[in-house]
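**Student:** Got a structure for you, input_13.json, holding JSON, C-alpha atoms.
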[["chain", "number", "residue", "atom", "x", "y", "z"],
["A", 8, "MET", "CA", -10.42, 17.95, -7.50],
["A", 9, "ASP", "CA", -6.62, 18.39, -7.47],
["A", 10, "TRP", "CA", -5.96, 15.13, -5.65],
["A", 11, "LEU", "CA", -7.88, 13.13, -8.23],
["A", 12, "ASN", "CA", -6.29, 14.97, -11.14],
["A", 13, "ARG", "CA", -2.81, 14.18, -9.84],
["A", 14, "MET", "CA", -3.66, 10.48, -9.51],
["A", 15, "ASN", "CA", -4.88, 10.42, -13.11],
["A", 16, "GLN", "CA", -1.76, 12.26, -14.26],
["A", 17, "ALA", "CA", 0.31, 9.54, -12.57],
["A", 18, "VAL", "CA", -1.68, 6.96, -14.54],
["A", 19, "ASP", "CA", -0.97, 8.96, -17.72],
["A", 20, "TYR", "CA", 2.75, 8.63, -16.98],
["A", 21, "ILE", "CA", 2.40, 4.86, -16.45],
["A", 22, "GLU", "CA", 0.41, 4.40, -19.66],
["A", 23, "ASP", "CA", 2.89, 6.46, -21.68],
["A", 24, "ASN", "CA", 5.74, 4.23, -20.50],
["A", 25, "LEU", "CA", 4.37, 0.70, -20.67],
["A", 26, "SER", "CA", 7.22, -0.23, -23.01],
["A", 27, "GLU", "CA", 9.78, 1.70, -20.96],
["A", 28, "GLU", "CA", 11.04, 1.57, -17.39],
["A", 29, "ILE", "CA", 8.35, 2.84, -15.01],
["A", 30, "SER", "CA", 9.57, 4.59, -11.89],
["A", 31, "PHE", "CA", 7.21, 4.27, -8.92],
["A", 32, "GLY", "CA", 9.05, 7.23, -7.41],
["A", 33, "HIS", "CA", 8.30, 9.43, -10.41],
["A", 34, "ALA", "CA", 4.65, 8.38, -10.42],
["A", 35, "ALA", "CA", 4.45, 9.19, -6.69],
["A", 36, "ARG", "CA", 6.00, 12.62, -7.25],
["A", 37, "ILE", "CA", 3.36, 13.37, -9.88],
["A", 38, "ALA", "CA", 0.72, 12.39, -7.30],
["A", 39, "CYS", "CA", 2.53, 14.56, -4.69],
["A", 40, "CYS", "CA", 2.97, 11.83, -2.09],
["A", 41, "SER", "CA", 5.45, 9.18, -0.99],
["A", 42, "VAL", "CA", 5.97, 5.94, -2.92],
["A", 43, "PHE", "CA", 4.35, 4.00, -0.07],
["A", 44, "HIS", "CA", 1.28, 6.21, 0.10],
["A", 45, "PHE", "CA", 0.88, 6.30, -3.69],
["A", 46, "GLN", "CA", 0.92, 2.51, -3.91],
["A", 47, "ARG", "CA", -1.51, 2.24, -1.01],
["A", 48, "MET", "CA", -3.96, 4.74, -2.52],
["A", 49, "PHE", "CA", -3.69, 3.10, -5.93],
["A", 50, "ALA", "CA", -4.37, -0.38, -4.53],
["A", 51, "TYR", "CA", -7.36, 0.76, -2.45],
["A", 52, "ILE", "CA", -8.98, 2.79, -5.22],
["A", 53, "ALA", "CA", -8.19, 0.54, -8.19],
["A", 54, "GLY", "CA", -8.71, -2.70, -6.31],
["A", 55, "VAL", "CA", -5.41, -4.09, -7.61],
["A", 56, "PRO", "CA", -1.77, -3.45, -6.63],
["A", 57, "LEU", "CA", 0.16, -1.02, -8.83],
["A", 58, "SER", "CA", 2.69, -3.61, -10.03],
["A", 59, "GLU", "CA", -0.11, -6.01, -10.98],
["A", 60, "TYR", "CA", -1.92, -3.26, -12.89],
["A", 61, "ILE", "CA", 1.26, -2.52, -14.85],
["A", 62, "ARG", "CA", 1.78, -6.23, -15.58],
["A", 63, "ARG", "CA", -1.81, -6.61, -16.83],
["A", 64, "ARG", "CA", -1.57, -3.52, -19.03],
["A", 65, "ARG", "CA", 1.75, -4.61, -20.51],
["A", 66, "MET", "CA", 0.42, -8.08, -21.28],
["A", 67, "THR", "CA", -2.70, -6.55, -22.83],
["A", 68, "ALA", "CA", -0.52, -4.40, -25.10],
["A", 69, "ALA", "CA", 1.76, -7.34, -25.88],
["A", 70, "ALA", "CA", -1.21, -9.52, -26.90],
["A", 71, "PHE", "CA", -2.44, -6.80, -29.25],
["A", 72, "GLU", "CA", 0.98, -6.60, -30.91],
["A", 73, "LEU", "CA", 1.22, -10.37, -31.23],
["A", 74, "GLN", "CA", -2.04, -10.44, -33.17],
["A", 75, "THR", "CA", -1.47, -7.35, -35.31],
["A", 76, "THR", "CA", 2.28, -7.37, -36.07],
["A", 77, "ASP", "CA", 5.10, -9.76, -37.00],
["A", 78, "GLU", "CA", 7.22, -8.64, -34.03],
["A", 79, "LYS", "CA", 9.36, -11.47, -32.69],
["A", 80, "ILE", "CA", 8.39, -12.80, -29.27],
["A", 81, "ILE", "CA", 11.91, -12.23, -27.93],
["A", 82, "ASP", "CA", 11.73, -8.59, -29.04],
["A", 83, "LEU", "CA", 8.35, -8.13, -27.38],
["A", 84, "ALA", "CA", 9.73, -9.68, -24.20],
["A", 85, "LEU", "CA", 12.52, -7.09, -24.10],
["A", 86, "LYS", "CA", 10.15, -4.28, -25.07],
["A", 87, "TYR", "CA", 7.88, -4.95, -22.10],
["A", 88, "GLY", "CA", 10.65, -5.35, -19.55],
["A", 89, "TYR", "CA", 11.42, -9.09, -19.51],
["A", 90, "ASP", "CA", 15.01, -10.30, -19.75],
["A", 91, "SER", "CA", 14.10, -13.67, -21.24],
["A", 92, "PRO", "CA", 11.36, -15.25, -23.36],
["A", 93, "THR", "CA", 10.79, -17.71, -20.50],
["A", 94, "ALA", "CA", 9.91, -14.95, -18.02],
["A", 95, "PHE", "CA", 7.76, -13.23, -20.64],
["A", 96, "ASN", "CA", 5.98, -16.49, -21.45],
["A", 97, "ARG", "CA", 5.24, -17.07, -17.74],
["A", 98, "ALA", "CA", 3.80, -13.57, -17.28],
["A", 99, "PHE", "CA", 1.82, -13.75, -20.52],
["A", 100, "ARG", "CA", 0.35, -17.15, -19.70],
["A", 101, "SER", "CA", -0.66, -15.98, -16.20],
["A", 102, "ILE", "CA", -2.79, -13.26, -17.77],
["A", 103, "HIS", "CA", -4.10, -14.89, -20.93],
["A", 104, "GLY", "CA", -3.97, -18.59, -20.15],
["A", 105, "VAL", "CA", -2.05, -19.34, -23.35],
["A", 106, "SER", "CA", 1.53, -18.91, -24.53],
["A", 107, "PRO", "CA", 2.59, -15.94, -26.67],
["A", 108, "SER", "CA", 3.01, -18.22, -29.71],
["A", 109, "ALA", "CA", -0.51, -19.63, -29.22],
["A", 110, "ALA", "CA", -1.88, -16.07, -29.01],
["A", 111, "ARG", "CA", -0.96, -15.58, -32.67],
["A", 112, "ARG", "CA", -3.30, -18.31, -33.85],
["A", 113, "GLU", "CA", -6.60, -17.25, -35.34],
["A", 114, "GLY", "CA", -9.43, -17.47, -32.82],
["A", 115, "ALA", "CA", -7.15, -17.43, -29.76],
["A", 116, "ALA", "CA", -9.10, -16.28, -26.69],
["A", 117, "LEU", "CA", -7.24, -13.51, -24.84],
["A", 118, "ALA", "CA", -7.89, -11.21, -21.89],
["A", 119, "ALA", "CA", -7.87, -7.44, -22.15],
["A", 120, "PHE", "CA", -7.41, -5.15, -19.15],
["A", 121, "PRO", "CA", -8.33, -1.56, -20.08],
["A", 122, "ARG", "CA", -6.62, 1.52, -18.78],
["A", 123, "ILE", "CA", -8.11, 2.81, -15.54],
["A", 124, "SER", "CA", -9.31, 6.32, -14.86],
["A", 125, "PHE", "CA", -9.84, 7.41, -11.28],
["A", 126, "THR", "CA", -13.20, 8.80, -10.25],
["A", 127, "ILE", "CA", -14.53, 8.94, -6.72],
["A", 128, "SER", "CA", -18.10, 8.22, -5.70],
["A", 129, "ILE", "CA", -18.60, 9.35, -2.13],
["A", 130, "LYS", "CA", -21.14, 6.98, -0.63],
["A", 131, "GLY", "CA", -21.40, 8.34, 2.89],
["A", 132, "GLU", "CA", -23.46, 5.36, 3.99],
["A", 133, "GLU", "CA", -21.76, 5.04, 7.37],
["A", 134, "GLN", "CA", -20.29, 7.75, 9.55],
["A", 135, "MET", "CA", -16.56, 7.91, 10.17],
["A", 136, "ASN", "CA", -15.51, 9.17, 13.59],
["A", 137, "TYR", "CA", -12.22, 11.05, 13.57],
["A", 138, "LYS", "CA", -10.25, 13.88, 15.11],
["A", 139, "ILE", "CA", -7.31, 15.97, 13.89],
["A", 140, "VAL", "CA", -4.35, 15.93, 16.31],
["A", 141, "THR", "CA", -0.98, 17.67, 16.11],
["A", 142, "LYS", "CA", 1.59, 15.80, 18.16],
["A", 143, "GLU", "CA", 5.18, 16.41, 19.19],
["A", 144, "ALA", "CA", 7.81, 13.82, 18.25],
["A", 145, "PHE", "CA", 7.68, 10.64, 20.32],
["A", 146, "ARG", "CA", 9.81, 7.52, 20.51],
["A", 147, "ILE", "CA", 8.59, 3.99, 19.95],
["A", 148, "VAL", "CA", 10.33, 0.79, 21.10],
["A", 149, "GLY", "CA", 9.73, -2.70, 19.77],
["A", 150, "THR", "CA", 10.61, -5.07, 16.96],
["A", 151, "LYS", "CA", 10.64, -4.38, 13.24],
["A", 152, "ILE", "CA", 10.76, -5.93, 9.77],
["A", 153, "HIS", "CA", 12.45, -4.39, 6.74],
["A", 154, "LEU", "CA", 10.38, -4.54, 3.53],
["A", 155, "ASP", "CA", 10.71, -3.56, -0.10],
["A", 156, "MET", "CA", 8.40, -0.73, -1.09],
["A", 157, "LYS", "CA", 5.85, -3.04, -2.74],
["A", 158, "MET", "CA", 2.26, -3.30, -1.57],
["A", 159, "GLU", "CA", 1.99, -7.00, -2.42],
["A", 160, "GLU", "CA", 4.91, -7.73, -0.10],
["A", 161, "CYS", "CA", 3.50, -5.50, 2.63],
["A", 162, "PHE", "CA", 0.04, -7.08, 2.44],
["A", 163, "GLU", "CA", 1.60, -10.55, 2.65],
["A", 164, "LYS", "CA", 4.48, -10.12, 5.06],
["A", 165, "VAL", "CA", 3.08, -7.69, 7.65],
["A", 166, "PRO", "CA", 0.37, -10.15, 8.83],
["A", 167, "GLN", "CA", 3.02, -12.88, 8.89],
["A", 168, "PHE", "CA", 5.25, -10.59, 10.98],
["A", 169, "TRP", "CA", 2.43, -10.02, 13.47],
["A", 170, "GLN", "CA", 1.82, -13.75, 13.75],
["A", 171, "LYS", "CA", 5.52, -14.50, 14.21],
["A", 172, "THR", "CA", 5.91, -11.74, 16.81],
["A", 173, "ILE", "CA", 2.91, -12.94, 18.83],
["A", 174, "GLN", "CA", 4.10, -16.54, 18.69],
["A", 175, "SER", "CA", 7.58, -15.53, 19.84],
["A", 176, "GLY", "CA", 6.17, -14.35, 23.17],
["A", 177, "ILE", "CA", 7.82, -10.91, 22.97],
["A", 178, "VAL", "CA", 4.58, -8.89, 22.94],
["A", 179, "PRO", "CA", 4.16, -8.82, 26.77],
["A", 180, "GLN", "CA", 7.74, -7.55, 27.03],
["A", 181, "ILE", "CA", 7.01, -4.83, 24.49],
["A", 182, "LEU", "CA", 3.83, -3.81, 26.34],
["A", 183, "SER", "CA", 5.75, -3.59, 29.62],
["A", 184, "LEU", "CA", 7.66, -0.63, 28.13],
["A", 185, "LEU", "CA", 4.50, 1.39, 27.41],
["A", 186, "ASP", "CA", 4.57, 4.61, 29.42],
["A", 187, "GLN", "CA", 3.22, 7.38, 27.18],
["A", 188, "SER", "CA", 0.61, 8.18, 24.54],
["A", 189, "PRO", "CA", -0.63, 6.59, 22.34],
["A", 190, "LEU", "CA", -1.59, 4.00, 24.94],
["A", 191, "GLY", "CA", -1.76, 0.80, 22.91],
["A", 192, "LEU", "CA", 0.24, -1.69, 20.88],
["A", 193, "LEU", "CA", 1.30, 0.04, 17.70],
["A", 194, "GLY", "CA", 1.79, -1.03, 14.11],
["A", 195, "VAL", "CA", 3.95, 1.68, 12.51],
["A", 196, "SER", "CA", 4.93, 1.98, 8.84],
["A", 197, "THR", "CA", 7.90, 4.31, 8.47],
["A", 198, "CYS", "CA", 6.73, 5.09, 4.97],
["A", 199, "MET", "CA", 9.17, 7.71, 3.74],
["A", 200, "ASP", "CA", 10.27, 8.13, 0.12],
["A", 201, "GLY", "CA", 12.62, 5.44, -1.11],
["A", 202, "GLU", "CA", 12.74, 1.83, -2.14],
["A", 203, "ALA", "CA", 12.06, 0.26, 1.28],
["A", 204, "LEU", "CA", 10.27, 0.75, 4.59],
["A", 205, "ASP", "CA", 10.45, -0.48, 8.16],
["A", 206, "TYR", "CA", 7.33, -1.78, 9.90],
["A", 207, "TYR", "CA", 7.39, -1.74, 13.70],
["A", 208, "ILE", "CA", 5.34, -3.59, 16.28],
["A", 209, "ALA", "CA", 6.02, -1.34, 19.24],
["A", 210, "VAL", "CA", 4.81, 0.94, 22.01],
["A", 211, "SER", "CA", 5.41, 4.58, 22.80],
["A", 212, "SER", "CA", 8.07, 4.59, 25.49],
["A", 213, "GLY", "CA", 10.70, 6.66, 27.21],
["A", 214, "LYS", "CA", 12.31, 3.63, 28.84],
["A", 215, "GLU", "CA", 15.67, 2.08, 28.03],
["A", 216, "VAL", "CA", 15.69, -0.01, 24.85],
["A", 217, "PRO", "CA", 16.23, -3.75, 25.55],
["A", 218, "ASP", "CA", 18.97, -5.54, 23.63],
["A", 219, "ASN", "CA", 16.45, -7.55, 21.62],
["A", 220, "MET", "CA", 14.50, -4.49, 20.43],
["A", 221, "GLU", "CA", 14.96, -1.29, 18.44],
["A", 222, "ASP", "CA", 13.64, 2.22, 18.71],
["A", 223, "TYR", "CA", 12.42, 4.84, 16.25],
["A", 224, "LEU", "CA", 11.59, 8.51, 16.67],
["A", 225, "VAL", "CA", 8.21, 9.33, 15.18],
["A", 226, "PRO", "CA", 8.59, 12.90, 13.93],
["A", 227, "ALA", "CA", 6.29, 15.68, 15.03],
["A", 228, "GLY", "CA", 3.30, 15.96, 12.77],
["A", 229, "THR", "CA", -0.44, 16.08, 12.28],
["A", 230, "TRP", "CA", -2.64, 13.00, 12.08],
["A", 231, "ALA", "CA", -6.28, 12.33, 11.33],
["A", 232, "ILE", "CA", -7.15, 9.71, 13.96],
["A", 233, "PHE", "CA", -10.04, 7.42, 13.04],
["A", 234, "GLU", "CA", -11.93, 5.21, 15.46],
["A", 235, "CYS", "CA", -12.33, 1.62, 14.30],
["A", 236, "ILE", "CA", -14.93, -0.72, 15.81],
["A", 237, "GLY", "CA", -14.96, -4.33, 14.70],
["A", 238, "ALA", "CA", -13.12, -7.63, 14.53],
["A", 239, "MET", "CA", -9.56, -7.71, 13.26],
["A", 240, "PRO", "CA", -8.16, -7.67, 10.68],
["A", 241, "GLY", "CA", -11.22, -7.08, 8.49],
["A", 242, "ALA", "CA", -12.53, -3.99, 10.28],
["A", 243, "ILE", "CA", -9.28, -2.03, 10.12],
["A", 244, "GLN", "CA", -8.62, -3.01, 6.50],
["A", 245, "GLU", "CA", -12.08, -1.83, 5.47],
["A", 246, "LEU", "CA", -11.66, 1.42, 7.41],
["A", 247, "GLN", "CA", -8.31, 2.14, 5.75],
["A", 248, "LYS", "CA", -9.90, 1.68, 2.35],
["A", 249, "ARG", "CA", -12.80, 4.00, 3.25],
["A", 250, "ILE", "CA", -10.41, 6.66, 4.56],
["A", 251, "VAL", "CA", -8.55, 6.76, 1.24],
["A", 252, "THR", "CA", -11.56, 6.50, -1.07],
["A", 253, "GLU", "CA", -14.19, 8.46, 0.88],
["A", 254, "TRP", "CA", -12.64, 10.79, 3.46],
["A", 255, "LEU", "CA", -9.33, 11.92, 1.97],
["A", 256, "PRO", "CA", -10.60, 13.19, -1.42],
["A", 257, "THR", "CA", -13.01, 15.73, 0.14],
["A", 258, "SER", "CA", -11.25, 16.48, 3.43],
["A", 259, "GLY", "CA", -9.07, 19.41, 2.43],
["A", 260, "TYR", "CA", -6.04, 17.36, 3.51],
["A", 261, "GLU", "CA", -3.57, 15.13, 1.72],
["A", 262, "TYR", "CA", -1.02, 12.56, 2.79],
["A", 263, "SER", "CA", 2.11, 13.85, 4.48],
["A", 264, "ASN", "CA", 5.30, 11.81, 4.57],
["A", 265, "GLY", "CA", 4.86, 10.83, 8.21],
["A", 266, "PRO", "CA", 4.45, 7.25, 9.40],
["A", 267, "ASP", "CA", 1.12, 5.47, 9.20],
["A", 268, "ILE", "CA", 0.13, 4.22, 12.67],
["A", 269, "GLU", "CA", -2.36, 1.61, 13.85],
["A", 270, "VAL", "CA", -3.22, 1.52, 17.56],
["A", 271, "TYR", "CA", -4.48, -1.74, 19.07],
["A", 272, "PHE", "CA", -6.03, -1.56, 22.53],
["A", 273, "GLU", "CA", -6.63, -4.33, 25.06],
["A", 274, "GLY", "CA", -9.54, -6.64, 24.36],
["A", 275, "ASP", "CA", -10.72, -9.50, 22.19],
["A", 276, "GLN", "CA", -9.64, -8.66, 18.64],
["A", 277, "LYS", "CA", -12.18, -11.13, 17.23],
["A", 278, "SER", "CA", -15.08, -9.32, 18.90],
["A", 279, "PRO", "CA", -17.35, -7.12, 16.75],
["A", 280, "ALA", "CA", -17.04, -4.53, 19.53],
["A", 281, "TYR", "CA", -13.23, -4.45, 19.53],
["A", 282, "ARG", "CA", -11.80, -0.90, 19.37],
["A", 283, "SER", "CA", -8.67, 0.23, 17.54],
["A", 284, "GLU", "CA", -7.46, 3.38, 15.77],
["A", 285, "VAL", "CA", -5.96, 4.35, 12.41],
["A", 286, "TRP", "CA", -3.62, 7.37, 12.39],
["A", 287, "LEU", "CA", -3.31, 8.94, 8.93],
["A", 288, "PRO", "CA", -0.40, 11.42, 8.52],
["A", 289, "ILE", "CA", -1.82, 14.54, 6.86],
["A", 290, "VAL", "CA", -1.00, 18.05, 5.76],
["A", 291, "LYS", "CA", -3.38, 20.84, 4.80],
["A", 292, "LYS", "CA", -3.68, 21.31, 1.05]]
Will you turn the file into structure tokens for me?
**Tutor:**
Amino acid sequence: MDWLNRMNQAVDYIEDNLSEEISFGHAARIACCSVFHFQRMFAYIAGVPLSEYIRRRRMTAAAFELQTTDEKIIDLALKYGYDSPTAFNRAFRSIHGVSPSAARREGAALAAFPRISFTISIKGEEQMNYKIVTKEAFRIVGTKIHLDMKMEECFEKVPQFWQKTIQSGIVPQILSLLDQSPLGLLGVSTCMDGEALDYYIAVSSGKEVPDNMEDYLVPAGTWAIFECIGAMPGAIQELQKRIVTEWLPTSGYEYSNGPDIEVYFEGDQKSPAYRSEVWLPIVKK
């Protein structure tokens, strides 16, 4: 399975460079996808964000060296990417529960996080309803937040952005601009290659852009559109994970560099019958 092989090759690169600078962009190129999509796939499959995995592996390697060599702590800090012993001590303690100096004592209890290897077990317990749609470019209008290309930040700040936007009272104004497909309130990640992304709460619209909003042209592309039934945000988060771990590996498609889109329709989002959609940008392998 080429997709799986590329993910494991990206892990090989990470493991070979634990004591060097690790480029998320280079890892993503090995996996043949954008930085955003690579981090998302890694987090969903591994169950831990990429940066946290790297931190755990580096601290595992550092603990081994502390117990088996006479390497100075300050040298180990620099080796594993920390500018100061204080920062290294903080990271080490967060993983092992003890300081680097204490780790050298006989009988010190330490944590070890082994290298991961990606395998996929396709469960197929529940059906996934989807359709493949090729769509011309369309414009969205709404409000946005600018984020670093880190999954931890996205997972934390995007829900906060939704809450802030709803509380601001601007959502009805955004919805008043809706005049073309897709006919719902959109969450759009402009997840191109680079060090940052923009996340929009918007609608598809051909109307004039208000002064307090911004627009973005979603490029023409192909999407796998998945139906999601269930209360937010749990239902859509679980579906996104299943798409990456169950559907994508055997679909004959892979991520394209188009935006990820979530479509939220009218209704009670806390209801188990609430309907939404996940649009996955794809390209044929």
**Student:** For A:Cys39, find every residue with an atom within 9 Å (counting all atoms listed in the file), except residues of its own chain fewer than 4 positions away, and show them as a list in words.
**Tutor:**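 Neighbouring residues, sequence-local ones excluded: Trp10, Arg13, Met14, Ala34, Ala35, Phe45, Glu261 and Tyr262 of chain A.
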**Student:** Which polymer residues have any atom within 12 Å of an atom of A:Leu184, counting only C-alpha atoms, with same-chain residues fewer than 2 positions away left out, as a PDB file with C-alpha atoms, in the coordinates of the input?
**Tutor:**
ATOM      1  CA  ARG A 146       9.810   7.520  20.510  1.00  0.00           C
ATOM      2  CA  ILE A 147       8.590   3.990  19.950  1.00  0.00           C
ATOM      3  CA  VAL A 148      10.330   0.790  21.100  1.00  0.00           C
ATOM      4  CA  GLY A 149       9.730  -2.700  19.770  1.00  0.00           C
ATOM      5  CA  ILE A 177       7.820 -10.910  22.970  1.00  0.00           C
ATOM      6  CA  VAL A 178       4.580  -8.890  22.940  1.00  0.00           C
ATOM      7  CA  PRO A 179       4.160  -8.820  26.770  1.00  0.00           C
ATOM      8  CA  GLN A 180       7.740  -7.550  27.030  1.00  0.00           C
ATOM      9  CA  ILE A 181       7.010  -4.830  24.490  1.00  0.00           C
ATOM     10  CA  LEU A 182       3.830  -3.810  26.340  1.00  0.00           C
ATOM     11  CA  ASP A 186       4.570   4.610  29.420  1.00  0.00           C
ATOM     12  CA  GLN A 187       3.220   7.380  27.180  1.00  0.00           C
ATOM     13  CA  SER A 188       0.610   8.180  24.540  1.00  0.00           C
ATOM     14  CA  LEU A 190      -1.590   4.000  24.940  1.00  0.00           C
ATOM     15  CA  GLY A 191      -1.760   0.800  22.910  1.00  0.00           C
ATOM     16  CA  LEU A 192       0.240  -1.690  20.880  1.00  0.00           C
ATOM     17  CA  ALA A 209       6.020  -1.340  19.240  1.00  0.00           C
ATOM     18  CA  VAL A 210       4.810   0.940  22.010  1.00  0.00           C
ATOM     19  CA  SER A 211       5.410   4.580  22.800  1.00  0.00           C
ATOM     20  CA  SER A 212       8.070   4.590  25.490  1.00  0.00           C
ATOM     21  CA  GLY A 213      10.700   6.660  27.210  1.00  0.00           C
ATOM     22  CA  LYS A 214      12.310   3.630  28.840  1.00  0.00           C
ATOM     23  CA  GLU A 215      15.670   2.080  28.030  1.00  0.00           C
ATOM     24  CA  VAL A 216      15.690  -0.010  24.850  1.00  0.00           C
ATOM     25  CA  PRO A 217      16.230  -3.750  25.550  1.00  0.00           C
ATOM     26  CA  MET A 220      14.500  -4.490  20.430  1.00  0.00           C
ATOM     27  CA  ASP A 222      13.640   2.220  18.710  1.00  0.00           C
TER      28      ASP A 222
END
**Student:** Figure out the distance between atom CA of A:Asn264 and atom CA of A:Val18, please, to one decimal in Å.
**Tutor:**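 One can read the atom CA of A:Val18 to atom CA of A:Asn264 distance as 20.9 Å.
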**Student:** Taking into account all atoms listed in the file, which residue in the set A:Ala68, A:Leu204, A:Ile289, A:Val165 is nearest to A:Asn24?
**Tutor:**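 Smallest distance to A:Asn24 is found for A:Ala68.
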**Student:** Using only C-alpha atoms, can you tell me which of A:Ser175, A:Ser41, A:Thr76, A:Asn96 comes closest to A:Asp267?
**Tutor:** A:Ser41
**Student:** Return the single residue from A:Tyr281, A:Phe168, A:Phe49, A:Phe272 that is closest to A:Ala242, with distances computed using all atoms listed in the file.
**Tutor:**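 Looking at the shortest contact to A:Ala242, the residue is A:Tyr281.
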**Student:** Identify which of the residues A:Phe145, A:Pro256, A:Asp205, A:Lys157 lies closest to A:Ala227, counting only C-alpha atoms when measuring atom-to-atom distances.
**Tutor:**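 Checking each of A:Phe145, A:Pro256, A:Asp205, A:Lys157 against A:Ala227, counting only C-alpha atoms, the winner is A:Phe145.
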**Student:** Report as a list of chain:residue names all protein, DNA and RNA residues lying within 9 Å of A:His33, evaluated on all atoms listed in the file, omitting residues in the same chain fewer than 4 positions from it.
**Tutor:**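 Here the qualifying residues turn out to be A:Ala17, A:Tyr20, A:Ile29, A:Ile37, A:Ala38, A:Val42.
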**Student:** Would you save the residues of that selection, restricted to C-alpha atoms, as a PDB file, in the frame of the given file?
**Tutor:**
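Below is the file part34.pdb, written as the result:
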ATOM      1  CA  ALA A  17       0.310   9.540 -12.570  1.00  0.00           C
ATOM      2  CA  TYR A  20       2.750   8.630 -16.980  1.00  0.00           C
ATOM      3  CA  ILE A  29       8.350   2.840 -15.010  1.00  0.00           C
ATOM      4  CA  ILE A  37       3.360  13.370  -9.880  1.00  0.00           C
ATOM      5  CA  ALA A  38       0.720  12.390  -7.300  1.00  0.00           C
ATOM      6  CA  VAL A  42       5.970   5.940  -2.920  1.00  0.00           C
TER       7      VAL A  42
END
**Student:** Set up a box along x, y and z of the file covering all listed atoms of stretch 170-173 of chain A, add 3 Å on every one of the six sides, and write the centre and edge lengths in Å to one decimal, as JSON.
**Tutor:**
{"center_x": 3.9, "center_y": -13.1, "center_z": 16.3, "size_x": 10.1, "size_y": 8.8, "size_z": 11.1}
**Student:** Please provide the set of residues having any atom within 10 Å of stretch 243-247 of chain A, restricted to all atoms listed in the file, with same-chain residues fewer than 6 positions apart removed, written as a CSV table (one decimal) with C-alpha atoms, keeping the file's coordinate frame.
**Tutor:**
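File produced: around_17.csv:
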chain,number,residue,atom,x,y,z
A,47,ARG,CA,-1.5,2.2,-1.0
A,48,MET,CA,-4.0,4.7,-2.5
A,51,TYR,CA,-7.4,0.8,-2.4
A,135,MET,CA,-16.6,7.9,10.2
A,233,PHE,CA,-10.0,7.4,13.0
A,234,GLU,CA,-11.9,5.2,15.5
A,235,CYS,CA,-12.3,1.6,14.3
A,236,ILE,CA,-14.9,-0.7,15.8
A,237,GLY,CA,-15.0,-4.3,14.7
A,253,GLU,CA,-14.2,8.5,0.9
A,254,TRP,CA,-12.6,10.8,3.5
A,269,GLU,CA,-2.4,1.6,13.8
A,282,ARG,CA,-11.8,-0.9,19.4
A,283,SER,CA,-8.7,0.2,17.5
A,284,GLU,CA,-7.5,3.4,15.8
A,285,VAL,CA,-6.0,4.4,12.4
A,286,TRP,CA,-3.6,7.4,12.4
A,287,LEU,CA,-3.3,8.9,8.9
**Student:** Counting all atoms listed in the file, figure out which residue out of A:Gly114, A:Thr150, A:Thr141, A:Ala280 gets nearest to A:Pro226.
**Tutor:** A:Thr141
**Student:** From the list A:Glu163, A:Tyr271, A:Ile102, A:Tyr260, which residue is nearest A:Pro189 when using only C-alpha atoms?
**Tutor:**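 Of the candidates, the smallest distance to A:Pro189 is held by A:Tyr271.
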**Student:** When you draw a straight line from atom CA of A:Glu221 to atom CA of A:Val195, how long is it in Å?
**Tutor:**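 Between atom CA of A:Glu221 and atom CA of A:Val195 the gap works out to 12.9 Å.
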